[in-house]
$ cat coords-v3.pdb   # PDB, C-alpha atoms and all ligand atoms
ATOM      1  CA  MET D   1      52.494  33.577  44.887  1.00  0.00           C
ATOM      2  CA  ILE D   2      55.081  31.172  43.525  1.00  0.00           C
ATOM      3  CA  SER D   3      57.170  32.687  40.749  1.00  0.00           C
ATOM      4  CA  ASP D   4      60.412  31.077  39.711  1.00  0.00           C
ATOM      5  CA  MET D   5      62.114  30.839  36.340  1.00  0.00           C
ATOM      6  CA  GLY D   6      61.191  27.424  35.061  1.00  0.00           C
ATOM      7  CA  VAL D   7      62.861  25.410  32.347  1.00  0.00           C
ATOM      8  CA  MET D   8      63.289  27.246  29.029  1.00  0.00           C
ATOM      9  CA  GLY D   9      63.121  30.603  30.764  1.00  0.00           C
ATOM     10  CA  ILE D  10      59.320  30.776  31.004  1.00  0.00           C
ATOM     11  CA  PRO D  11      58.481  31.896  34.540  1.00  0.00           C
ATOM     12  CA  LYS D  12      55.921  29.931  36.495  1.00  0.00           C
ATOM     13  CA  GLN D  13      53.204  32.344  37.709  1.00  0.00           C
ATOM     14  CA  GLY D  14      51.678  29.950  40.204  1.00  0.00           C
ATOM     15  CA  PRO D  15      51.564  26.316  41.278  1.00  0.00           C
ATOM     16  CA  VAL D  16      51.645  23.487  38.759  1.00  0.00           C
ATOM     17  CA  VAL D  17      50.544  19.907  39.434  1.00  0.00           C
ATOM     18  CA  ALA D  18      51.768  17.079  37.160  1.00  0.00           C
ATOM     19  CA  ILE D  19      49.823  13.842  36.716  1.00  0.00           C
ATOM     20  CA  ASP D  20      51.386  11.122  34.585  1.00  0.00           C
ATOM     21  CA  GLY D  21      50.673   7.468  33.962  1.00  0.00           C
ATOM     22  CA  PRO D  22      49.582   4.989  31.295  1.00  0.00           C
ATOM     23  CA  ALA D  23      46.153   5.031  29.599  1.00  0.00           C
ATOM     24  CA  GLY D  24      43.168   4.052  31.699  1.00  0.00           C
ATOM     25  CA  THR D  25      44.659   4.778  35.122  1.00  0.00           C
ATOM     26  CA  GLY D  26      42.014   7.459  35.690  1.00  0.00           C
ATOM     27  CA  LYS D  27      44.142  10.516  34.904  1.00  0.00           C
ATOM     28  CA  SER D  28      41.458  12.409  32.977  1.00  0.00           C
ATOM     29  CA  SER D  29      38.566  11.802  35.385  1.00  0.00           C
ATOM     30  CA  VAL D  30      40.749  12.543  38.388  1.00  0.00           C
ATOM     31  CA  THR D  31      42.296  15.669  36.875  1.00  0.00           C
ATOM     32  CA  LYS D  32      38.886  17.023  35.889  1.00  0.00           C
ATOM     33  CA  ARG D  33      37.583  16.590  39.437  1.00  0.00           C
ATOM     34  CA  LEU D  34      40.708  17.967  41.091  1.00  0.00           C
ATOM     35  CA  ALA D  35      40.780  21.016  38.825  1.00  0.00           C
ATOM     36  CA  ALA D  36      37.135  21.808  39.605  1.00  0.00           C
ATOM     37  CA  SER D  37      37.557  21.416  43.314  1.00  0.00           C
ATOM     38  CA  LEU D  38      40.848  23.362  43.562  1.00  0.00           C
ATOM     39  CA  GLY D  39      39.834  26.034  41.031  1.00  0.00           C
ATOM     40  CA  PHE D  40      42.786  25.077  38.815  1.00  0.00           C
ATOM     41  CA  VAL D  41      42.925  24.853  35.012  1.00  0.00           C
ATOM     42  CA  HIS D  42      42.866  21.319  33.583  1.00  0.00           C
ATOM     43  CA  ILE D  43      45.298  20.747  30.714  1.00  0.00           C
ATOM     44  CA  ASP D  44      44.859  17.433  28.917  1.00  0.00           C
ATOM     45  CA  THR D  45      48.139  17.138  27.020  1.00  0.00           C
ATOM     46  CA  GLY D  46      47.137  13.832  25.386  1.00  0.00           C
ATOM     47  CA  ALA D  47      44.438  15.800  23.537  1.00  0.00           C
ATOM     48  CA  LEU D  48      47.206  17.807  21.828  1.00  0.00           C
ATOM     49  CA  TYR D  49      48.851  14.638  20.457  1.00  0.00           C
ATOM     50  CA  ARG D  50      45.427  13.341  19.438  1.00  0.00           C
ATOM     51  CA  ALA D  51      44.690  16.629  17.636  1.00  0.00           C
ATOM     52  CA  VAL D  52      47.981  16.486  15.721  1.00  0.00           C
ATOM     53  CA  ALA D  53      47.313  12.844  14.762  1.00  0.00           C
ATOM     54  CA  LEU D  54      43.801  13.640  13.527  1.00  0.00           C
ATOM     55  CA  ILE D  55      44.833  16.646  11.438  1.00  0.00           C
ATOM     56  CA  ALA D  56      47.979  15.003  10.064  1.00  0.00           C
ATOM     57  CA  MET D  57      45.900  12.022   8.903  1.00  0.00           C
ATOM     58  CA  GLU D  58      43.171  14.228   7.440  1.00  0.00           C
ATOM     59  CA  GLN D  59      45.789  16.109   5.436  1.00  0.00           C
ATOM     60  CA  ASN D  60      47.563  12.992   4.236  1.00  0.00           C
ATOM     61  CA  SER D  61      44.765  10.611   3.148  1.00  0.00           C
ATOM     62  CA  GLY D  62      44.734   8.741   6.464  1.00  0.00           C
ATOM     63  CA  LYS D  63      48.491   8.094   6.536  1.00  0.00           C
ATOM     64  CA  LEU D  64      50.963   9.256   9.173  1.00  0.00           C
ATOM     65  CA  ASP D  65      54.242  10.785   8.157  1.00  0.00           C
ATOM     66  CA  SER D  66      56.695  12.228  10.701  1.00  0.00           C
ATOM     67  CA  GLU D  67      57.626  15.340   8.715  1.00  0.00           C
ATOM     68  CA  LYS D  68      54.024  16.216   7.879  1.00  0.00           C
ATOM     69  CA  ALA D  69      52.958  15.578  11.474  1.00  0.00           C
ATOM     70  CA  GLU D  70      55.701  17.890  12.711  1.00  0.00           C
ATOM     71  CA  ILE D  71      54.516  20.663  10.371  1.00  0.00           C
ATOM     72  CA  VAL D  72      50.990  20.219  11.746  1.00  0.00           C
ATOM     73  CA  ALA D  73      52.300  20.367  15.335  1.00  0.00           C
ATOM     74  CA  ARG D  74      54.235  23.560  14.561  1.00  0.00           C
ATOM     75  CA  LYS D  75      51.610  25.343  12.477  1.00  0.00           C
ATOM     76  CA  ALA D  76      48.182  24.330  13.786  1.00  0.00           C
ATOM     77  CA  HIS D  77      46.681  26.700  16.310  1.00  0.00           C
ATOM     78  CA  LEU D  78      45.633  24.410  19.152  1.00  0.00           C
ATOM     79  CA  GLU D  79      43.653  25.787  22.072  1.00  0.00           C
ATOM     80  CA  PHE D  80      41.449  24.615  24.921  1.00  0.00           C
ATOM     81  CA  LYS D  81      38.131  26.335  25.448  1.00  0.00           C
ATOM     82  CA  ARG D  82      35.527  25.862  28.146  1.00  0.00           C
ATOM     83  CA  MET D  83      31.994  25.509  26.760  1.00  0.00           C
ATOM     84  CA  GLU D  84      29.710  24.775  29.684  1.00  0.00           C
ATOM     85  CA  GLU D  85      26.830  23.684  27.464  1.00  0.00           C
ATOM     86  CA  LYS D  86      28.916  20.929  25.864  1.00  0.00           C
ATOM     87  CA  ASN D  87      29.973  17.570  27.222  1.00  0.00           C
ATOM     88  CA  PRO D  88      32.901  17.416  27.921  1.00  0.00           C
ATOM     89  CA  ALA D  89      33.036  21.098  28.865  1.00  0.00           C
ATOM     90  CA  ASN D  90      36.755  21.436  28.115  1.00  0.00           C
ATOM     91  CA  ARG D  91      36.879  21.463  24.299  1.00  0.00           C
ATOM     92  CA  ILE D  92      39.911  21.365  22.038  1.00  0.00           C
ATOM     93  CA  LEU D  93      39.978  23.564  18.951  1.00  0.00           C
ATOM     94  CA  ALA D  94      42.370  23.243  16.024  1.00  0.00           C
ATOM     95  CA  ASN D  95      42.525  26.361  13.848  1.00  0.00           C
ATOM     96  CA  GLY D  96      39.206  27.396  15.358  1.00  0.00           C
ATOM     97  CA  ARG D  97      37.463  24.074  14.613  1.00  0.00           C
ATOM     98  CA  ASP D  98      36.082  22.082  17.560  1.00  0.00           C
ATOM     99  CA  ILE D  99      37.549  18.576  17.092  1.00  0.00           C
ATOM    100  CA  THR D 100      36.766  17.233  20.594  1.00  0.00           C
ATOM    101  CA  ASP D 101      34.254  14.683  19.321  1.00  0.00           C
ATOM    102  CA  PHE D 102      36.669  13.159  16.800  1.00  0.00           C
ATOM    103  CA  ILE D 103      39.809  12.495  18.826  1.00  0.00           C
ATOM    104  CA  ARG D 104      38.697   9.703  21.209  1.00  0.00           C
ATOM    105  CA  THR D 105      38.295   6.837  18.743  1.00  0.00           C
ATOM    106  CA  PRO D 106      40.524   3.719  19.085  1.00  0.00           C
ATOM    107  CA  GLU D 107      42.056   4.621  15.696  1.00  0.00           C
ATOM    108  CA  ILE D 108      43.120   8.085  16.885  1.00  0.00           C
ATOM    109  CA  SER D 109      44.377   6.624  20.184  1.00  0.00           C
ATOM    110  CA  MET D 110      46.812   4.421  18.292  1.00  0.00           C
ATOM    111  CA  ALA D 111      47.730   7.206  15.856  1.00  0.00           C
ATOM    112  CA  ALA D 112      48.350   9.658  18.745  1.00  0.00           C
ATOM    113  CA  SER D 113      50.702   7.151  20.338  1.00  0.00           C
ATOM    114  CA  ARG D 114      52.642   6.849  17.066  1.00  0.00           C
ATOM    115  CA  VAL D 115      52.710  10.614  16.536  1.00  0.00           C
ATOM    116  CA  SER D 116      53.930  11.128  20.095  1.00  0.00           C
ATOM    117  CA  ALA D 117      57.077   9.130  19.292  1.00  0.00           C
ATOM    118  CA  PHE D 118      58.113  11.631  16.572  1.00  0.00           C
ATOM    119  CA  PRO D 119      60.767  13.865  18.216  1.00  0.00           C
ATOM    120  CA  GLY D 120      59.796  16.862  16.014  1.00  0.00           C
ATOM    121  CA  VAL D 121      56.194  16.665  17.200  1.00  0.00           C
ATOM    122  CA  ARG D 122      57.256  16.447  20.839  1.00  0.00           C
ATOM    123  CA  SER D 123      59.499  19.472  20.604  1.00  0.00           C
ATOM    124  CA  ALA D 124      56.823  21.424  18.706  1.00  0.00           C
ATOM    125  CA  LEU D 125      54.278  20.786  21.486  1.00  0.00           C
ATOM    126  CA  LEU D 126      56.681  21.370  24.365  1.00  0.00           C
ATOM    127  CA  GLY D 127      56.544  25.175  24.328  1.00  0.00           C
ATOM    128  CA  LEU D 128      52.749  25.227  24.110  1.00  0.00           C
ATOM    129  CA  GLN D 129      52.345  22.900  27.110  1.00  0.00           C
ATOM    130  CA  ARG D 130      54.872  24.894  29.065  1.00  0.00           C
ATOM    131  CA  ARG D 131      53.136  28.195  28.250  1.00  0.00           C
ATOM    132  CA  LEU D 132      49.709  26.863  29.175  1.00  0.00           C
ATOM    133  CA  GLY D 133      50.955  25.548  32.511  1.00  0.00           C
ATOM    134  CA  CYS D 134      53.126  28.537  33.379  1.00  0.00           C
ATOM    135  CA  ALA D 135      50.022  30.666  33.834  1.00  0.00           C
ATOM    136  CA  GLY D 136      49.873  28.798  37.136  1.00  0.00           C
ATOM    137  CA  ARG D 137      47.107  27.114  39.145  1.00  0.00           C
ATOM    138  CA  ALA D 138      47.267  24.413  36.492  1.00  0.00           C
ATOM    139  CA  ILE D 139      47.016  20.621  36.525  1.00  0.00           C
ATOM    140  CA  LEU D 140      48.550  18.923  33.525  1.00  0.00           C
ATOM    141  CA  GLU D 141      47.980  15.270  32.743  1.00  0.00           C
ATOM    142  CA  GLY D 142      50.077  13.243  30.327  1.00  0.00           C
ATOM    143  CA  ARG D 143      53.086  10.947  30.097  1.00  0.00           C
ATOM    144  CA  ASP D 144      56.106  13.230  30.548  1.00  0.00           C
ATOM    145  CA  ILE D 145      54.772  16.184  32.535  1.00  0.00           C
ATOM    146  CA  GLY D 146      56.777  15.504  35.693  1.00  0.00           C
ATOM    147  CA  THR D 147      59.900  14.415  33.812  1.00  0.00           C
ATOM    148  CA  VAL D 148      60.180  16.760  30.790  1.00  0.00           C
ATOM    149  CA  ILE D 149      57.504  19.472  30.561  1.00  0.00           C
ATOM    150  CA  PHE D 150      57.472  20.486  34.223  1.00  0.00           C
ATOM    151  CA  PRO D 151      60.408  18.867  36.013  1.00  0.00           C
ATOM    152  CA  ASP D 152      59.871  21.804  38.396  1.00  0.00           C
ATOM    153  CA  ALA D 153      56.186  20.987  39.063  1.00  0.00           C
ATOM    154  CA  ASP D 154      55.136  21.671  42.648  1.00  0.00           C
ATOM    155  CA  VAL D 155      53.384  18.319  43.114  1.00  0.00           C
ATOM    156  CA  LYS D 156      53.815  15.231  40.920  1.00  0.00           C
ATOM    157  CA  PHE D 157      51.765  12.055  40.746  1.00  0.00           C
ATOM    158  CA  PHE D 158      52.263   8.852  38.799  1.00  0.00           C
ATOM    159  CA  LEU D 159      49.101   6.767  38.507  1.00  0.00           C
ATOM    160  CA  VAL D 160      49.173   3.045  37.780  1.00  0.00           C
ATOM    161  CA  ALA D 161      46.530   0.266  37.609  1.00  0.00           C
ATOM    162  CA  SER D 162      46.370  -3.335  36.384  1.00  0.00           C
ATOM    163  CA  VAL D 163      45.960  -3.753  32.635  1.00  0.00           C
ATOM    164  CA  ASP D 164      42.650  -5.641  33.067  1.00  0.00           C
ATOM    165  CA  GLU D 165      41.170  -2.843  35.151  1.00  0.00           C
ATOM    166  CA  ARG D 166      42.417  -0.208  32.708  1.00  0.00           C
ATOM    167  CA  ALA D 167      40.945  -2.052  29.724  1.00  0.00           C
ATOM    168  CA  LYS D 168      37.630  -2.419  31.603  1.00  0.00           C
ATOM    169  CA  ARG D 169      37.521   1.341  32.255  1.00  0.00           C
ATOM    170  CA  ARG D 170      38.409   2.241  28.666  1.00  0.00           C
ATOM    171  CA  LEU D 171      35.728  -0.113  27.304  1.00  0.00           C
ATOM    172  CA  ALA D 172      33.104   1.455  29.600  1.00  0.00           C
ATOM    173  CA  GLU D 173      34.196   4.889  28.383  1.00  0.00           C
ATOM    174  CA  LEU D 174      33.863   3.882  24.718  1.00  0.00           C
ATOM    175  CA  GLU D 175      30.456   2.290  25.352  1.00  0.00           C
ATOM    176  CA  GLY D 176      29.364   5.364  27.297  1.00  0.00           C
ATOM    177  CA  ALA D 177      30.311   7.574  24.362  1.00  0.00           C
ATOM    178  CA  GLY D 178      27.968   5.510  22.175  1.00  0.00           C
ATOM    179  CA  ALA D 179      30.847   4.343  20.015  1.00  0.00           C
ATOM    180  CA  ASP D 180      30.844   1.008  18.193  1.00  0.00           C
ATOM    181  CA  ALA D 181      32.792  -0.551  21.031  1.00  0.00           C
ATOM    182  CA  PRO D 182      35.421  -3.206  20.257  1.00  0.00           C
ATOM    183  CA  SER D 183      35.670  -6.364  22.416  1.00  0.00           C
ATOM    184  CA  PHE D 184      37.359  -6.364  25.827  1.00  0.00           C
ATOM    185  CA  GLU D 185      40.200  -8.452  24.377  1.00  0.00           C
ATOM    186  CA  GLU D 186      40.729  -5.968  21.550  1.00  0.00           C
ATOM    187  CA  VAL D 187      40.790  -2.981  23.931  1.00  0.00           C
ATOM    188  CA  ARG D 188      43.223  -4.831  26.218  1.00  0.00           C
ATOM    189  CA  LYS D 189      45.508  -5.727  23.310  1.00  0.00           C
ATOM    190  CA  GLN D 190      45.576  -2.142  22.023  1.00  0.00           C
ATOM    191  CA  MET D 191      46.289  -0.855  25.499  1.00  0.00           C
ATOM    192  CA  ILE D 192      49.307  -3.150  25.913  1.00  0.00           C
ATOM    193  CA  GLU D 193      50.560  -2.114  22.483  1.00  0.00           C
ATOM    194  CA  ARG D 194      50.128   1.589  23.279  1.00  0.00           C
ATOM    195  CA  ASP D 195      51.808   1.244  26.716  1.00  0.00           C
ATOM    196  CA  HIS D 196      54.726  -0.514  25.061  1.00  0.00           C
ATOM    197  CA  GLY D 197      55.115   2.239  22.434  1.00  0.00           C
ATOM    198  CA  ASP D 198      54.702   5.053  24.980  1.00  0.00           C
ATOM    199  CA  SER D 199      57.237   3.627  27.430  1.00  0.00           C
ATOM    200  CA  THR D 200      59.912   2.462  25.000  1.00  0.00           C
ATOM    201  CA  ARG D 201      60.099   5.437  22.607  1.00  0.00           C
ATOM    202  CA  ALA D 202      63.461   7.200  22.494  1.00  0.00           C
ATOM    203  CA  VAL D 203      62.239  10.700  23.400  1.00  0.00           C
ATOM    204  CA  ALA D 204      60.442  11.465  26.674  1.00  0.00           C
ATOM    205  CA  PRO D 205      59.161   7.932  27.312  1.00  0.00           C
ATOM    206  CA  LEU D 206      56.453   7.326  29.878  1.00  0.00           C
ATOM    207  CA  LYS D 207      58.199   6.929  33.216  1.00  0.00           C
ATOM    208  CA  LYS D 208      57.765   7.955  36.807  1.00  0.00           C
ATOM    209  CA  ALA D 209      59.689  11.049  37.900  1.00  0.00           C
ATOM    210  CA  ASP D 210      61.922  10.276  40.884  1.00  0.00           C
ATOM    211  CA  ASP D 211      60.008  12.742  43.040  1.00  0.00           C
ATOM    212  CA  ALA D 212      56.492  11.700  41.917  1.00  0.00           C
ATOM    213  CA  VAL D 213      54.034  10.102  44.315  1.00  0.00           C
ATOM    214  CA  GLU D 214      52.916   6.751  42.884  1.00  0.00           C
ATOM    215  CA  LEU D 215      49.302   5.725  43.363  1.00  0.00           C
ATOM    216  CA  ASP D 216      47.876   2.342  42.333  1.00  0.00           C
ATOM    217  CA  THR D 217      44.217   3.016  41.477  1.00  0.00           C
ATOM    218  CA  THR D 218      43.272  -0.612  40.603  1.00  0.00           C
ATOM    219  CA  THR D 219      41.019  -1.174  43.599  1.00  0.00           C
ATOM    220  CA  MET D 220      40.258   2.438  44.470  1.00  0.00           C
ATOM    221  CA  THR D 221      37.066   4.324  43.618  1.00  0.00           C
ATOM    222  CA  LEU D 222      37.318   7.644  41.785  1.00  0.00           C
ATOM    223  CA  ASP D 223      36.260   9.419  45.002  1.00  0.00           C
ATOM    224  CA  GLU D 224      39.027   7.738  46.986  1.00  0.00           C
ATOM    225  CA  VAL D 225      41.684   8.625  44.436  1.00  0.00           C
ATOM    226  CA  VAL D 226      40.538  12.259  44.214  1.00  0.00           C
ATOM    227  CA  ARG D 227      40.329  12.623  48.001  1.00  0.00           C
ATOM    228  CA  SER D 228      43.809  11.289  48.633  1.00  0.00           C
ATOM    229  CA  MET D 229      45.380  13.384  45.856  1.00  0.00           C
ATOM    230  CA  GLU D 230      43.513  16.527  46.864  1.00  0.00           C
ATOM    231  CA  ASN D 231      44.637  16.155  50.487  1.00  0.00           C
ATOM    232  CA  LEU D 232      48.242  15.884  49.417  1.00  0.00           C
ATOM    233  CA  ILE D 233      48.033  18.833  47.009  1.00  0.00           C
ATOM    234  CA  ARG D 234      46.404  21.055  49.638  1.00  0.00           C
ATOM    235  CA  GLN D 235      49.006  20.036  52.179  1.00  0.00           C
ATOM    236  CA  ARG D 236      51.987  20.590  49.847  1.00  0.00           C
ATOM    237  CA  LEU D 237      50.693  23.907  48.483  1.00  0.00           C
ATOM    238  CA  SER D 238      49.249  25.123  51.806  1.00  0.00           C
ATOM    239  CA  LEU D 239      45.825  25.620  50.192  1.00  0.00           C
TER
HETATM  240  O1  LIG D 301      46.376  10.481  27.463  1.00  0.00           O
HETATM  241  P1  LIG D 301      45.938  10.039  26.093  1.00  0.00           P
HETATM  242  O2  LIG D 301      45.568   8.600  26.051  1.00  0.00           O
HETATM  243  O3  LIG D 301      44.859  10.928  25.548  1.00  0.00           O
HETATM  244  O4  LIG D 301      47.225  10.260  25.152  1.00  0.00           O
HETATM  245  C1  LIG D 301      47.244   9.909  23.793  1.00  0.00           C
HETATM  246  C2  LIG D 301      48.662   9.534  23.380  1.00  0.00           C
HETATM  247  O5  LIG D 301      49.482  10.698  23.422  1.00  0.00           O
HETATM  248  C3  LIG D 301      49.338   8.513  24.287  1.00  0.00           C
HETATM  249  O6  LIG D 301      49.331   7.216  23.711  1.00  0.00           O
HETATM  250  C4  LIG D 301      50.745   8.986  24.456  1.00  0.00           C
HETATM  251  C5  LIG D 301      50.750  10.402  23.975  1.00  0.00           C
HETATM  252  N1  LIG D 301      51.086  11.372  25.016  1.00  0.00           N
HETATM  253  C6  LIG D 301      52.408  11.635  25.228  1.00  0.00           C
HETATM  254  O7  LIG D 301      53.273  11.015  24.618  1.00  0.00           O
HETATM  255  N2  LIG D 301      52.782  12.587  26.120  1.00  0.00           N
HETATM  256  C7  LIG D 301      51.857  13.259  26.817  1.00  0.00           C
HETATM  257  N3  LIG D 301      52.238  14.201  27.686  1.00  0.00           N
HETATM  258  C8  LIG D 301      50.472  12.972  26.640  1.00  0.00           C
HETATM  259  C9  LIG D 301      50.118  11.998  25.729  1.00  0.00           C
END
$ encode --input "coords-v3.pdb" --output "structure tokens"
Amino acid sequence: MISDMGVMGIPKQGPVVAIDGPAGTGKSSVTKRLAASLGFVHIDTGALYRAVALIAMEQNSGKLDSEKAEIVARKAHLEFKRMEEKNPANRILANGRDITDFIRTPEISMAASRVSAFPGVRSALLGLQRRLGCAGRAILEGRDIGTVIFPDADVKFFLVASVDERAKRRLAELEGAGADAPSFEEVRKQMIERDHGDSTRAVAPLKKADDAVELDTTTMTLDEVVRSMENLIRQRLSL
């Protein structure tokens, strides 16, 4: 068993895999599949920022305010729960309320990106992400997992894909969820805006860790991406 003192003194009880990259590169689908096949826990850190954005807006008549958002990030009890009968099975609860079905709208995507640039929110969510991952046998997906949350992750990936392909995937996801889908151009525009915000913010911007393996998923199928990542993880962790 791997057990070393990680950053902030929380010991890692087992292996941690970090998957970072911009929206639409396939992080969530890939992480879900990898976690199932390796028997690891899947931690979707973007869902935490989305949860904070949703609650902060609900409490402030739809407006975002950095101080109020930080209070939400510090005080709200956020947890992931597996509910096999629900789709998706990995649900996120805020103060006991299942908010999974409300955090994937284009509006909350943009709000989560804004909230994630507030330094107070980032530091409030850092300990939680670290604690969740330190239990070990965990795969965390996000923007700063390999650089800030788990610089000591055992395996790190950075996924990329062309903006057109990413917008196509996000549109299919929105249509699949039965949402009132915006146009391709609108999704593409929002994606560029969100990428820009996520990679230029002052604190923990989206960037590849020096020791991360970069994978361009533009022309790869989900199966191909999962297979190549799983092979590398098994090899590195001797699984
Ligand atoms: O992965 P996602 O699209 O659900 O993430 C929503 C937003 O949260 C994204 O625009 C950037 C932010 N985020 C972040 O800053 N750091 C993370 N580790 C995960 C997400």
$ closest_residue --input "coords-v3.pdb" --among "D:Asp44, D:Gly142, D:Ala69, D:Asp154" --to "Arg234 of chain D" --atoms "all atoms listed in the file"
D:Asp154
$ resolve_selection --input "coords-v3.pdb" --expression "the PyMOL selection byres (((chain D and resi 45) around 12) and not hetatm)" --output "PyMOL selection string"
chain D and resi 18-20+27-28+31+42-44+46-52+78-80+92+112+116+122+125-130+132-133+138-145+149
$ residues_near_point --input "coords-v3.pdb" --point "(35.7, 28.6, 23.3)" --cutoff "8 Å" --atoms "only C-alpha atoms" --output "PDB file with C-alpha atoms, in the frame of the given file"
ATOM      1  CA  PHE D  80      41.449  24.615  24.921  1.00  0.00           C
ATOM      2  CA  LYS D  81      38.131  26.335  25.448  1.00  0.00           C
ATOM      3  CA  ARG D  82      35.527  25.862  28.146  1.00  0.00           C
ATOM      4  CA  MET D  83      31.994  25.509  26.760  1.00  0.00           C
ATOM      5  CA  ARG D  91      36.879  21.463  24.299  1.00  0.00           C
ATOM      6  CA  LEU D  93      39.978  23.564  18.951  1.00  0.00           C
TER       7      LEU D  93
END
$ closest_residue --input "coords-v3.pdb" --among "D:Thr105, D:Ser37, D:Ser61, D:Ser113" --to "ligand LIG 301 (chain D)" --atoms "all atoms listed in the file"
D:Ser113
$ axis_aligned_box --input "coords-v3.pdb" --around "segment 171-183 of chain D" --padding-each-side "3 Å" --output "lines of an AutoDock Vina configuration file"
center_x = 31.8
center_y = 0.6
center_z = 23.9
size_x = 13.8
size_y = 19.9
size_z = 17.4
$ residues_near_point --input "coords-v3.pdb" --point "(28.2, 15.8, 28.2)" --cutoff "12 Å" --atoms "only C-alpha atoms" --output "PyMOL selection string"
chain D and resi 83-91+100-101+176-178
$ atom_distance --input "coords-v3.pdb" --atom1 "atom CA of Phe157 of chain D" --atom2 "atom CA of Ala73 of chain D"
26.7 Å
$ resolve_selection --input "coords-v3.pdb" --expression "the PyMOL selection byres (((chain D and resi 230) around 10) and not hetatm)" --output "number ranges by chain"
D: 30, 33-35, 37-38, 224-229, 231-236, 239
$ closest_residue --input "coords-v3.pdb" --among "D:Asp210, D:Asp198, D:Glu185, D:Glu58" --to "ligand LIG 301 (chain D)" --atoms "only C-alpha atoms and all ligand atoms"
D:Asp198
$ atom_distance --input "coords-v3.pdb" --atom1 "atom CA of Pro106 of chain D" --atom2 "atom CA of Val187 of chain D"
8.3 Å
$ residues_around --input "coords-v3.pdb" --residues "Glu70 of chain D" --least-positions-apart "5" --cutoff "9 Å" --atoms "only C-alpha atoms" --output "NGL selection string"
:D and (52 or 56 or 65 or 75 or 115 or 118-124)
$ resolve_selection --input "coords-v3.pdb" --expression "the PyMOL selection byres (((chain D and resi 196) around 12) and not hetatm)" --output "list of chain:residue names"
D:Pro22, D:Ala23, D:Met110, D:Ser113, D:Arg114, D:Ala117, D:Lys189, D:Gln190, D:Met191, D:Ile192, D:Glu193, D:Arg194, D:Asp195, D:Gly197, D:Asp198, D:Ser199, D:Thr200, D:Arg201, D:Ala202, D:Pro205, D:Leu206, D:Lys207
$ write_last_selection --input "coords-v3.pdb" --atoms "C-alpha atoms" --output "JSON list (two decimals), keeping the file's coordinate frame"
[["chain", "number", "residue", "atom", "x", "y", "z"],
["D", 22, "PRO", "CA", 49.58, 4.99, 31.30],
["D", 23, "ALA", "CA", 46.15, 5.03, 29.60],
["D", 110, "MET", "CA", 46.81, 4.42, 18.29],
["D", 113, "SER", "CA", 50.70, 7.15, 20.34],
["D", 114, "ARG", "CA", 52.64, 6.85, 17.07],
["D", 117, "ALA", "CA", 57.08, 9.13, 19.29],
["D", 189, "LYS", "CA", 45.51, -5.73, 23.31],
["D", 190, "GLN", "CA", 45.58, -2.14, 22.02],
["D", 191, "MET", "CA", 46.29, -0.86, 25.50],
["D", 192, "ILE", "CA", 49.31, -3.15, 25.91],
["D", 193, "GLU", "CA", 50.56, -2.11, 22.48],
["D", 194, "ARG", "CA", 50.13, 1.59, 23.28],
["D", 195, "ASP", "CA", 51.81, 1.24, 26.72],
["D", 197, "GLY", "CA", 55.12, 2.24, 22.43],
["D", 198, "ASP", "CA", 54.70, 5.05, 24.98],
["D", 199, "SER", "CA", 57.24, 3.63, 27.43],
["D", 200, "THR", "CA", 59.91, 2.46, 25.00],
["D", 201, "ARG", "CA", 60.10, 5.44, 22.61],
["D", 202, "ALA", "CA", 63.46, 7.20, 22.49],
["D", 205, "PRO", "CA", 59.16, 7.93, 27.31],
["D", 206, "LEU", "CA", 56.45, 7.33, 29.88],
["D", 207, "LYS", "CA", 58.20, 6.93, 33.22]]
$ atom_distance --input "coords-v3.pdb" --atom1 "atom CA of Gly136 of chain D" --atom2 "atom CA of Val72 of chain D"
26.8 Å
$ residues_around --input "coords-v3.pdb" --residues "Ala167 of chain D" --least-positions-apart "3" --cutoff "8 Å" --atoms "only C-alpha atoms" --output "tab-separated table (two decimals) with C-alpha atoms, in the frame of the given file"
chain	number	residue	atom	x	y	z
D	24	GLY	CA	43.17	4.05	31.70
D	163	VAL	CA	45.96	-3.75	32.64
D	164	ASP	CA	42.65	-5.64	33.07
D	170	ARG	CA	38.41	2.24	28.67
D	171	LEU	CA	35.73	-0.11	27.30
D	184	PHE	CA	37.36	-6.36	25.83
D	187	VAL	CA	40.79	-2.98	23.93
D	188	ARG	CA	43.22	-4.83	26.22
D	191	MET	CA	46.29	-0.86	25.50
$ closest_residue --input "coords-v3.pdb" --among "D:Arg169, D:Arg104, D:Lys12, D:Lys208" --to "ligand LIG 301 (chain D)" --atoms "all atoms listed in the file"
D:Arg104
$ closest_residue --input "coords-v3.pdb" --among "D:Asn95, D:Asn60, D:Thr25, D:Ser109" --to "ligand LIG 301 (chain D)" --atoms "all atoms listed in the file"
D:Ser109
$ closest_residue --input "coords-v3.pdb" --among "D:Val160, D:Ile103, D:Val213, D:Cys134" --to "ligand LIG 301 (chain D)" --atoms "all atoms listed in the file"
D:Ile103
